[in-house]
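Colleague: The structure follows.
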Amino acid sequence: MAGNSQRRNRRTSNKKGAQVGSGGQRRRGLEGKGPTPPASARKGHVKNRIANSKSKQAQRRPVVRRGGKGQSEMVVGRNPVFEALRDGVPASTLYVQQFIDNDERVRDALKLAADRGGINLMEAPRAELDRMTNGLNHQGLVLSVPAYEYAHPEDLAAAAYDEGEDPLIVALDGVTDPRNLGAVVRSVSAFGGHGVVVPERRAAGMTAGAWKTSAGTAARTPVARATNLTRALEAYQKAGLTVVGLAADGEADHGQSGLLVRLQGA
């Protein structure tokens with residue numbers, strides 16, 4: 001009898017049951033797994049593969065970078081200020097000398113600035129205008145032109161592709177006169193081009209003079225600045241563009257082959 005009692009005790013002690021401090025694991029095991037995730041989130045589902053493919057394509061898209069900003073400048077003198085305002089040159093502030101002789105040109109400049117909107121009108125003493133212009137003959141009118149924000153060379157081709165068009169870009173080498181740059185911008189716009197590329201150094205930039213010569217087309221035809229023009233052209237070639245160089249003493253006829261034209265010494 002004693003042996004039977006000991007065997008019963010051993011069986012009783014070996015019974016399985018809930019352990020103290022289980023943290024509710026059995027209770028959580030009985031709970032559901034929540035709502036079924038959408039098909040696009042279920043691994044192996046066709047919609048999940050499509051979503052992953054679109055995500056990878058988006059990650060491969062080139063990052064658009066800006067080409068930096070130029071330097072701000074001052075347009076000085078009554079006629080230059082009036083012409084800059086009339087021709088749509090971007091401006092942030094028009095400085096007017098205190099007690100200025102209010103002639104017709106001054107009145108016209110003030111009216112243009114007011115009509116355009118977005119241009120601050122500031123009255124300043126003559127000494128302050130002398131300081132701002134380093135003693136130039138400002139005649140009581142000074143127009144502040146903000147720094148031009150250049151595009152990156154990649155921006156120009158990307159914008160063309162976004163519009164479903166083949167890029168037409170003009171790269172300028174050795175152009176140091178801003179008026180020539182403005183004239184090229186005007187021509188590129190007339191031919192439906194997608195922009196102009198200039199070197200970052202030793203080249204004309206988008207000054208007020210370039211804006212004026214462009215006859216307003218600089219507002220819709222971007223100018224990009226390249227740190228190294230040769231590498232920028234090589235990048236265009238790798239992207240599938242055809243690069244054609246033009247020279248005044250060239251003998252070959254480029255015909256209709258050029259999607260990108262490089263003008264040398266224009």
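Each chain in the structure tokens gets a letter, A, B and so on, in the order shown; residues start at 1 in every chain, and ligands are counted from 1 in the order they appear.
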Can you tell me, as a short mmCIF file (atom, residue, chain, number, x, y, z; two decimals) with N, CA and C atoms, in the first residue's frame, what residues are no more than 10 Å from Asn180 of chain A when counting only C-alpha atoms, ignoring any on the same chain fewer than 3 positions away?
Modeller:
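Done, and the output landed in around_20.cif:
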data_model
loop_
_atom_site.label_atom_id
_atom_site.label_comp_id
_atom_site.auth_asym_id
_atom_site.auth_seq_id
_atom_site.Cartn_x
_atom_site.Cartn_y
_atom_site.Cartn_z
N VAL A 175 32.58 81.66 -74.06
CA VAL A 175 31.71 82.83 -74.20
C VAL A 175 31.82 83.66 -72.93
N THR A 176 32.36 84.84 -73.04
CA THR A 176 32.60 85.69 -71.86
C THR A 176 31.75 86.95 -71.83
N ASP A 177 31.04 87.25 -72.88
CA ASP A 177 30.19 88.43 -72.94
C ASP A 177 28.76 88.04 -72.55
N ALA A 183 21.82 86.33 -76.02
CA ALA A 183 21.40 86.11 -77.41
C ALA A 183 21.25 84.62 -77.71
N VAL A 184 22.16 83.79 -77.18
CA VAL A 184 22.07 82.34 -77.40
C VAL A 184 20.83 81.78 -76.70
N VAL A 185 20.57 82.26 -75.49
CA VAL A 185 19.36 81.81 -74.78
C VAL A 185 18.12 82.13 -75.60
N ARG A 186 18.08 83.31 -76.19
CA ARG A 186 16.94 83.70 -77.03
C ARG A 186 16.81 82.77 -78.23
N ALA A 204 30.72 83.69 -69.25
CA ALA A 204 29.66 84.66 -68.95
C ALA A 204 28.58 84.02 -68.10
N GLY A 209 22.51 92.17 -67.89
CA GLY A 209 22.71 92.36 -69.33
C GLY A 209 22.28 91.15 -70.13
N ALA A 210 22.58 89.95 -69.61
CA ALA A 210 22.16 88.73 -70.30
C ALA A 210 20.64 88.60 -70.32
N THR A 213 19.24 90.98 -72.99
CA THR A 213 19.46 90.51 -74.37
C THR A 213 18.59 89.31 -74.70
N SER A 214 18.25 88.52 -73.68
CA SER A 214 17.42 87.34 -73.94
C SER A 214 15.98 87.71 -74.29
N ALA A 266 31.74 81.50 -79.21
CA ALA A 266 30.70 82.34 -79.78
C ALA A 266 30.73 83.72 -79.16
#
Colleague: Within segment 74-235 of chain A, find each residue whose DSSP state, derived from the backbone, is strand (DSSP E), and express the selection as a PyMOL selection string.
Modeller: chain A and resi 74-76+93-97+120-124+141-145+149-151+169-173+195-199+223-226
Colleague: Which residue is closest to Gln139 of chain A? Choose from A:Arg105, A:Lys238, A:Arg225, A:Arg220 and count only C-alpha atoms.
Modeller: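 Closest candidate: A:Arg105.
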Colleague: Tell me which protein, DNA and RNA residues are within 10 Å of Pro199 of chain A, counting only C-alpha atoms, leaving out same-chain ones fewer than 2 positions away, and put them as a count of residues only.
Modeller: 19
Colleague: Quick one: distance from atom CA of Ala247 of chain A to atom CA of Tyr148 of chain A in Å, one decimal?
Modeller: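 Those two atoms sit 28.8 Å apart.
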Colleague: Considering only C-alpha atoms, return as a VMD selection string whatever protein or nucleic-acid residues lie within 10 Å of Pro222 of chain A, sequence-local ones (same chain, fewer than 5 positions apart) excluded.
Modeller: chain A and resid 149 to 153 155 to 156 185 189 193 to 197 217
Colleague: How would the residues just picked look written out with C-alpha atoms as a PDB file, in the first residue's frame?
Modeller:
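Done, and the output landed in result-v1.pdb:
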ATOM      1  CA  GLU A 149      19.749  80.231 -59.637  1.00  0.00           C
ATOM      2  CA  TYR A 150      21.457  77.979 -62.152  1.00  0.00           C
ATOM      3  CA  ALA A 151      20.193  74.533 -63.034  1.00  0.00           C
ATOM      4  CA  HIS A 152      22.370  71.434 -63.003  1.00  0.00           C
ATOM      5  CA  PRO A 153      23.207  69.968 -66.453  1.00  0.00           C
ATOM      6  CA  ASP A 155      18.147  68.965 -64.964  1.00  0.00           C
ATOM      7  CA  LEU A 156      17.936  69.978 -68.610  1.00  0.00           C
ATOM      8  CA  VAL A 185      19.363  81.813 -74.776  1.00  0.00           C
ATOM      9  CA  SER A 189      14.175  79.270 -76.926  1.00  0.00           C
ATOM     10  CA  GLY A 193      15.569  73.936 -76.986  1.00  0.00           C
ATOM     11  CA  HIS A 194      15.620  72.765 -73.392  1.00  0.00           C
ATOM     12  CA  GLY A 195      18.438  74.903 -72.019  1.00  0.00           C
ATOM     13  CA  VAL A 196      21.990  76.188 -72.164  1.00  0.00           C
ATOM     14  CA  VAL A 197      25.076  74.891 -70.347  1.00  0.00           C
ATOM     15  CA  THR A 217      13.174  84.134 -72.869  1.00  0.00           C
TER      16      THR A 217
END
Colleague: Find, counting only C-alpha atoms, the residue in A:Leu246, A:Leu121, A:Val145, A:Val170 that gets nearest to Phe191 of chain A.
Modeller: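 Of all the options, A:Val170 lies closest to Phe191 of chain A.
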